[in-house]
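Visitor: Take this structure, written in structure tokens, and hold onto it; I'll ask about it next.
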2 protein chains.
Amino acid sequence: MEPQKNILSRPVAKRLVRGVTPRLRGAAPRLRIVPLGGMEEVGRNMAVFEYDKDIVILDMGIQFPEEDMPGIDYIIPSISYLKGKEKNIRAVIFSHGHLDHIGAAPLLLPRLGYPPVVGRDLTIAMIKKRMEDFERDSSKRLDVIKINSVNDRFNLGKFRIGFFNVEHSIVDAVGVIISTPQGTVIHPGDWTMERDPVDGKPLTYHHLAKLPGPKILMLESLGATNTSPEMVSEKEMYNNLEKLISAAQGKVIIGTFASQIKRVCHLLEYAKKIGKKVALDGYSMKMNVEIARELGYIKVGKETIIPASGIGKYPDNKVIVICTGAQGEGNAVLSRIVSGDHKFIKIRKNDTIIFSSSVIPGNERTIQRLKDNLYRKCDNVVHNDIMDVHASGHCNAESIKEILRQIKPDFFLPVYANHYFLKEAAKLAIQIGFSKERIFVLDNGSIIEFHDKTARVLNKKADTGYVFVDGLGIGDIGEVVLRDRQALSKDGMFVIIVIVDRTSGKVKGSPDIISRGFVYLRESKELLKEVRRRVVSIVDRAAGPGVEASPEYIKEELRNQIGEFLFLKTERRPMVLPVVIEV
Amino acid sequence: MEPQKNILSRPVAKRLVRGVTPRLRGAAPRLRIVPLGGMEEVGRNMAVFEYDKDIVILDMGIQFPEEDMPGIDYIIPSISYLKGKEKNIRAVIFSHGHLDHIGAAPLLLPRLGYPPVVGRDLTIAMIKKRMEDFERDSSKRLDVIKINSVNDRFNLGKFRIGFFNVEHSIVDAVGVIISTPQGTVIHPGDWTMERDPVDGKPLTYHHLAKLPGPKILMLESLGATNTSPEMVSEKEMYNNLEKLISAAQGKVIIGTFASQIKRVCHLLEYAKKIGKKVALDGYSMKMNVEIARELGYIKVGKETIIPASGIGKYPDNKVIVICTGAQGEGNAVLSRIVSGDHKFIKIRKNDTIIFSSSVIPGNERTIQRLKDNLYRKCDNVVHNDIMDVHASGHCNAESIKEILRQIKPDFFLPVYANHYFLKEAAKLAIQIGFSKERIFVLDNGSIIEFHDKTARVLNKKADTGYVFVDGLGIGDIGEVVLRDRQALSKDGMFVIIVIVDRTSGKVKGSPDIISRGFVYLRESKELLKEVRRRVVSIVDRAAGPGVEASPEYIKEELRNQIGEFLFLKTERRPMVLPVVIEV
């Protein structure tokens with residue numbers, strides 16, 4: 001799939017050779033690794049490597065919010081650990097172009113003074129695109145060190161950098177080798193062990209075993225509990241997809257991730273081969289294909305790719321739609337097609353709809369609902385429960401054991417997954433004879449140092465608190481705002497506005513009540529009437545004859561007493577917000 | 001497991017024989033089936049059977065809310081279809097005691113005038129318990145027809161009712177036969193096909209094939225897409241659990257559903273056998289075991305069951321804790337144990353923690369988080385990814401085909417699952433030679449009539465809208481309130497209170513602002529200052545010299561202009577709620 005031959009070999013640029021070879025005399029500096037994200041939950045992958053004042057960073061990803069973080073767009077790594085060290089950063093290496101590896105680049109690169117970025121073509125192109133989406137012309141500030149071949153080798157400060165091939169679900173994924181006199185870090189980024197790749201022989205990693213020790217393997221371990229004996233191979237998946245596409249009597253609609261660029265490329269070429277037309281839909285899908293075409297990874301043109309508006313010109317059985325939204329996202333293309341809101345793409349009973357994607361944890365019920373709606377409109381809905389139409393880009397338990405056997409690392413650091421996957425990966429290593437002392441399951445912010453063939457985790461940790469991005473706000477949403485959002489979503493809110501006559505201390509007029517998300521107000525007139533009555537009585541009593549009550553005291557009384565009353569009547573606890581205005 | 005011999009056979013009560021045998025002359029009435037729930041999503045299972053003015057109901061379940069229904073406790077079936085027909089209801093039959101089959105009984109039985117309820121011992125006991133929890137002494141109003149044996153046969157109006165054994169994850173689950181001259185309905189409730197049950201031979205259903213035709217099979221089809229060749233058998237699961245329990249060097253903590261009463265019974269007996277003590281924790285867990293003990297289903301007493309407060313008296317390796325919370329529910333026992341908030345149960349590294357439960361769709365991320373925290377505190381966390389420590393109470397695709405082959409129904413109605421599972425179950429039936437015309441995939445509220453060996457789905461449908469239960473409110477939360485809750489959770493709210501001098505039309509003082517869930521106010525002083533400035537200017541301009549603006553107009557202006565301003569500054573859209581007070 002990856003047309004590597006097309007990447008012209010270029011001489012390594014001069015600026016790469018910034019460092020010098022490590023000192024041989026005196027105490028050698030320590031190699032320090034600080035994972036800033038990706039060690040506790042999935043996403044916001046980022047790791048810092050330090051050696052003798054030089055810093056190299058790997059990946060700058062985003063994490064998607066949990067369900068108790070309503071309204072949050074995404075989470076980025078905290079970079080407080082790098083404060084004051086910006087000038088030491090020699091480069092940021094990106095393993096591949098998925099958002100959990102590059103998504104935070106537009107926000108973090110400027111804050112670190114735009115250090116050089118290292119990556120293969122598509123990865124760099126995707127970073128540039130994301131920067132432009134974020135702020136026009138910002139990508140021009142990028143200082144790019146392109147990886148022209150996995151055989152490229154260069155120095156970044158005192159680090160020696162190399163690469164190796166990996167299999168993953170995006171073009172241009174690359175494994176990274178970070179060498180220092182204290183140890184050689186081997187990091188495949190995200191990876192799978194494809195036993196039957198469509199474009200060649202299965203990859204092996206035996207050659208990495210020959211790297212100078214101590215070898216430190218940082219291994220993405222998302223598949224640590226996947227013990228199913230057989231993984232779906234790419235070839236099987238493509239065979240199934242091709243069979244479905246060629247046999248289809250109506251349109252074929254394929255929902256997948258926009259990030260599955262390899263798969264989309266493959267499907268486009270197959271469509272060209274059998275003379276079907278492909279309409280791509282979804283902003284990120286169209287953008288990614290455009291980027292891949294510009295780079296020459298896709299050699300399919302207008303004879304095959306048609307706009308969605310043009311599908312009416314062809315018979316249904318000549319049309320393929322590849323679109324986003326297989327996770328059930330409300331506004332994505334597939335949902336709009338299903339709800340009938342798509343301007344050009346309507347579902348017919350004899351269409352074939354394929355979910356060529358995995359289920360991201362947390363999206364299960366939304367996807368079930370989407371499937372329910374699809375099954376109502378279409379007789380041929382295919383997903384992985386029915387047929388293997390998706391192959392994971394991640395390893396399984398067997399592959400983790402296999403790569404450990406091949407690379408034979410001295411130290412094993414499982415990374416880039418939930419904590420419990422890391423622990424399970426550690427167990428796998430122990431199963432095949434790895435000694436416990438050579439395995440480190442770190443947290444976000446853990447600091448591990450390698451020196452003289454030994455490793456030590458420091459007691460102190462780097463700060464890695466959540467940095468929430470919500471709209472234009474970066475890091476301005478904290479626990480307080482999130483807790484309020486959760487409370488508001490559960491029982492709504494109840495604002496009481498009462499005007500008090502400053503001289504008499506008595507309520508003037510009828511208190512105003514604004515409530516949302518609590519009860520349907522039109523059907524709760526009796527309740528509101530009773531609340532108003534109580535508000536007046538509480539305020540009048542609080543002030544009392546000759547007693548001057550502070551607005552704070554009155555508010556406190558209202559909050560407590562009206563809150564209790566509403567709970568008694570409804571067993572709900574809306575957020576009660578009293579406003580006392582003295583006139 | 002089910003000690004049926006303990007259920008004393010009683011003569012069938014006289015009231016059962018309410019009906020008469022069906023007329024033989026003249027046009028026979030139609031048999032009508034109306035599923036009120038359970039046909040589109042999982043839960044709120046309930047079906048209505050009508051024949052010649054007699055009505056029998058099967059199950060009254062609740063459904064748990066989707067994630068876009070914040071604050072909702074649960075959903076019950078709408079019974080508007082039964083309005084005016086209450087006096088025709090001969091009985092409500094309950095297939096088993098799980099909440100998605102009995103949970104709505106306390107709310108619906110009173111509204112239907114307390115028709116008699118039919119069920120086996122544990123099922124009835126659980127309904128009574130739920131009614132008492134809901135309203136003290138309400139269970140005394142129950143008119144109970146107990147099923148003493150699956151061989152019981154009796155009439156309910158013109159319906160002839162019978163039963164058959166099924167396997168499910170709760171004691172006293174029963175399959176129901178509803179016979180009329182127009183057809184015999186066979187309904188296993190929830191079921192699985194256990195190939196190696198711990199208490200006897202696998203069940204078969206060949207005898208049901210001999211029932212008078214047309215036979216209408218209503219089949220719970222939750223496992224329709226489960227094509228994994230082997231299901232975990234009960235015996236394997238118990239073997240694994242017993243091995244873990246006997247080998248444990250520390251405490252064993254088992255998280256499971258309180259509804260898994262069979263499993264809890266089995267574990268209690270095993271603990272007694274090997275001399276370990278069991279602390280049960282979680283309200284529903286303790287209640288269910290208490291009910292099962294009262295009925296004689298559990299013969300384990302105080303020599304084995306100890307209070308959680310007493311576990312300190314025994315060495316860790318003699319203690320088993322069985323508790324709720326394996327779904328990661330925030331306040332349930334397991335979460336409290338993990339967070340260190342449990343008064344008596346603390347986790348040690350060498351404890352064994354077992355998730356003997358499936359993952360309910362929608363809970364994936366919460367459970368992942370719970371696992372992460374558990375893996376931090378304990379070296380032995382076991383879940384189904386690691387070892388078979390849970391067996392599903394539901395069928396798989398093979399079992400669906402097998403039961404169809406055994407019963408040989410004339411009509412097949414897949415039920416009690418998401419719509420797409422029903423469609424997949426229909427495909428399974430077609431695969432084994434069932435003709436399409438004899439399969440009906442219905443919706444909630446579909447009305448199907450059987451007459452003269454033919455079936456027909458009517459054009460009209462019964463109303464089956466969501467009836468939300470939130471606190472004490474039943475059905476008072478509608479789309480409007482839910483939409484508000486969603487909006488509030490996303491970007492919070494922003495209340496602006498402005499006092500206008502009635503005579504001058506000018507703003508008096510500084511506008512008050514109350515905001516929650518939008519930005520952290522203390523760090524947004526500049527923004528608030530600017531908002532206040534704009535509010536004053538908008539109001540003053542709206543009123544203008546000599547122009548009298550209505551408060552409605554001013555509010556509209558504030559909502560739009562401040563909303564726009566806040567979006568411009570933050571790209572968030574809080575709910576803007578202006579209050580204009582004239583003094």
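Order determines the names: the first chain of the structure tokens is A, the second B, and so forth; residues in each chain are numbered 1 upward, and ligands are numbered 1 upward as they are shown.
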If you count only C-alpha atoms, which residues fall within 10 Å of Gly84 (chain B), apart from same-chain ones fewer than 4 positions away, as a PDB file with all heavy atoms, in the first residue's frame?
Guide:
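Below is the file part-v3.pdb, written as the result:
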ATOM      1  N   SER B  80     -50.806   3.547  27.284  1.00  0.00           N
ATOM      2  CA  SER B  80     -52.025   4.193  26.771  1.00  0.00           C
ATOM      3  C   SER B  80     -52.879   3.223  25.957  1.00  0.00           C
ATOM      4  O   SER B  80     -54.098   3.365  25.902  1.00  0.00           O
ATOM      5  CB  SER B  80     -51.701   5.455  25.968  1.00  0.00           C
ATOM      6  OG  SER B  80     -50.413   5.432  25.471  1.00  0.00           O
ATOM      7  N   ASN B  88     -60.590  -5.752  31.293  1.00  0.00           N
ATOM      8  CA  ASN B  88     -60.430  -6.994  30.522  1.00  0.00           C
ATOM      9  C   ASN B  88     -59.145  -7.742  30.860  1.00  0.00           C
ATOM     10  O   ASN B  88     -58.947  -8.855  30.384  1.00  0.00           O
ATOM     11  CB  ASN B  88     -60.405  -6.692  29.021  1.00  0.00           C
ATOM     12  CG  ASN B  88     -61.673  -5.993  28.565  1.00  0.00           C
ATOM     13  OD1 ASN B  88     -62.706  -6.079  29.242  1.00  0.00           O
ATOM     14  ND2 ASN B  88     -61.602  -5.310  27.438  1.00  0.00           N
ATOM     15  N   LEU B 112     -53.391  -0.099  36.439  1.00  0.00           N
ATOM     16  CA  LEU B 112     -54.245  -1.045  35.727  1.00  0.00           C
ATOM     17  C   LEU B 112     -55.212  -1.733  36.688  1.00  0.00           C
ATOM     18  O   LEU B 112     -55.841  -2.734  36.353  1.00  0.00           O
ATOM     19  CB  LEU B 112     -53.390  -2.080  34.990  1.00  0.00           C
ATOM     20  CG  LEU B 112     -52.473  -1.502  33.900  1.00  0.00           C
ATOM     21  CD1 LEU B 112     -51.544  -2.582  33.357  1.00  0.00           C
ATOM     22  CD2 LEU B 112     -53.296  -0.890  32.766  1.00  0.00           C
TER      23      LEU B 112
END
Visitor: Once you count only C-alpha atoms, which residues of chain A turn out to be within 7 Å of chain B? Could you give them as a PyMOL selection string?
Guide: chain A and resi 70-71+225+361-365+371-372+375+385-386+418-420+471-473+476-477+481-482+484-486+488-492+516-520+570-572
Visitor: Enumerate as a PyMOL selection string all residues of region 293-362 of chain B assigned to strand (DSSP E or B) by DSSP on the backbone, naming them with the chain letters and numbers the document uses.
Guide: chain B and resi 305-306+319-323+352-355
Visitor: I need the chosen residues saved as a short mmCIF file (atom, residue, chain, number, x, y, z; two decimals), in the first residue's frame, with N, CA and C atoms.
Guide:
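Output file out-v2.cif is given in full below:
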data_model
loop_
_atom_site.label_atom_id
_atom_site.label_comp_id
_atom_site.auth_asym_id
_atom_site.auth_seq_id
_atom_site.Cartn_x
_atom_site.Cartn_y
_atom_site.Cartn_z
N ILE B 305 -22.11 -16.91 55.90
CA ILE B 305 -22.36 -15.51 55.56
C ILE B 305 -22.05 -14.63 56.77
N ILE B 306 -21.13 -13.71 56.58
CA ILE B 306 -20.76 -12.81 57.68
C ILE B 306 -20.99 -11.37 57.25
N VAL B 319 -11.56 -15.19 53.39
CA VAL B 319 -12.64 -14.23 53.18
C VAL B 319 -12.97 -14.05 51.70
N ILE B 320 -14.26 -14.13 51.40
CA ILE B 320 -14.75 -13.81 50.06
C ILE B 320 -15.75 -12.66 50.20
N VAL B 321 -15.63 -11.67 49.34
CA VAL B 321 -16.62 -10.59 49.31
C VAL B 321 -17.36 -10.71 47.98
N ILE B 322 -18.67 -10.78 48.03
CA ILE B 322 -19.45 -10.75 46.79
C ILE B 322 -20.23 -9.45 46.80
N CYS B 323 -20.03 -8.64 45.79
CA CYS B 323 -20.61 -7.30 45.86
C CYS B 323 -21.08 -6.80 44.50
N THR B 352 -7.54 -11.09 45.31
CA THR B 352 -7.96 -11.45 43.95
C THR B 352 -9.30 -10.78 43.69
N ILE B 353 -9.34 -10.03 42.62
CA ILE B 353 -10.59 -9.32 42.31
C ILE B 353 -11.14 -9.87 41.00
N ILE B 354 -12.38 -10.33 41.04
CA ILE B 354 -12.96 -10.99 39.88
C ILE B 354 -14.18 -10.21 39.39
N PHE B 355 -14.19 -9.87 38.10
CA PHE B 355 -15.37 -9.30 37.48
C PHE B 355 -16.19 -10.46 36.89
#
Visitor: So how far away is CA of Ser221 (chain B) from CA of Cys395 (chain B), in Å?
Guide: 7.2 Å
Visitor: My list of candidates is A:Lys427, A:Lys235, A:His168, A:Arg438. Which is closest to Leu217 (chain A) when distances are computed with only C-alpha atoms?
Guide: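 The closest residue to Leu217 (chain A) is A:Arg438.
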Visitor: Compile the contact shell of Leu31 (chain A) as a tab-separated table (two decimals) with N, CA and C atoms, in the first residue's frame: residues with an atom at most 7 Å away, counting only C-alpha atoms, same-chain residues fewer than 6 positions apart removed.
Guide:
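After the write, selection20.tsv holds the following:
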chain	number	residue	atom	x	y	z
A	50	GLU	N	15.32	13.05	27.51
A	50	GLU	CA	16.33	14.04	27.87
A	50	GLU	C	17.68	13.35	28.00
A	51	TYR	N	18.67	14.00	27.47
A	51	TYR	CA	20.02	13.47	27.64
A	51	TYR	C	20.99	14.65	27.60
A	182	GLN	N	23.64	5.81	26.90
A	182	GLN	CA	23.05	5.12	28.05
A	182	GLN	C	21.99	4.12	27.66
A	449	GLU	N	15.03	7.07	34.76
A	449	GLU	CA	16.38	7.39	34.31
A	449	GLU	C	17.18	6.12	34.07
A	450	PHE	N	17.95	6.13	32.98
A	450	PHE	CA	18.79	5.00	32.64
A	450	PHE	C	20.24	5.43	32.75
A	451	HIS	N	21.01	4.60	33.45
A	451	HIS	CA	22.39	4.96	33.68
A	451	HIS	C	23.16	3.69	34.00
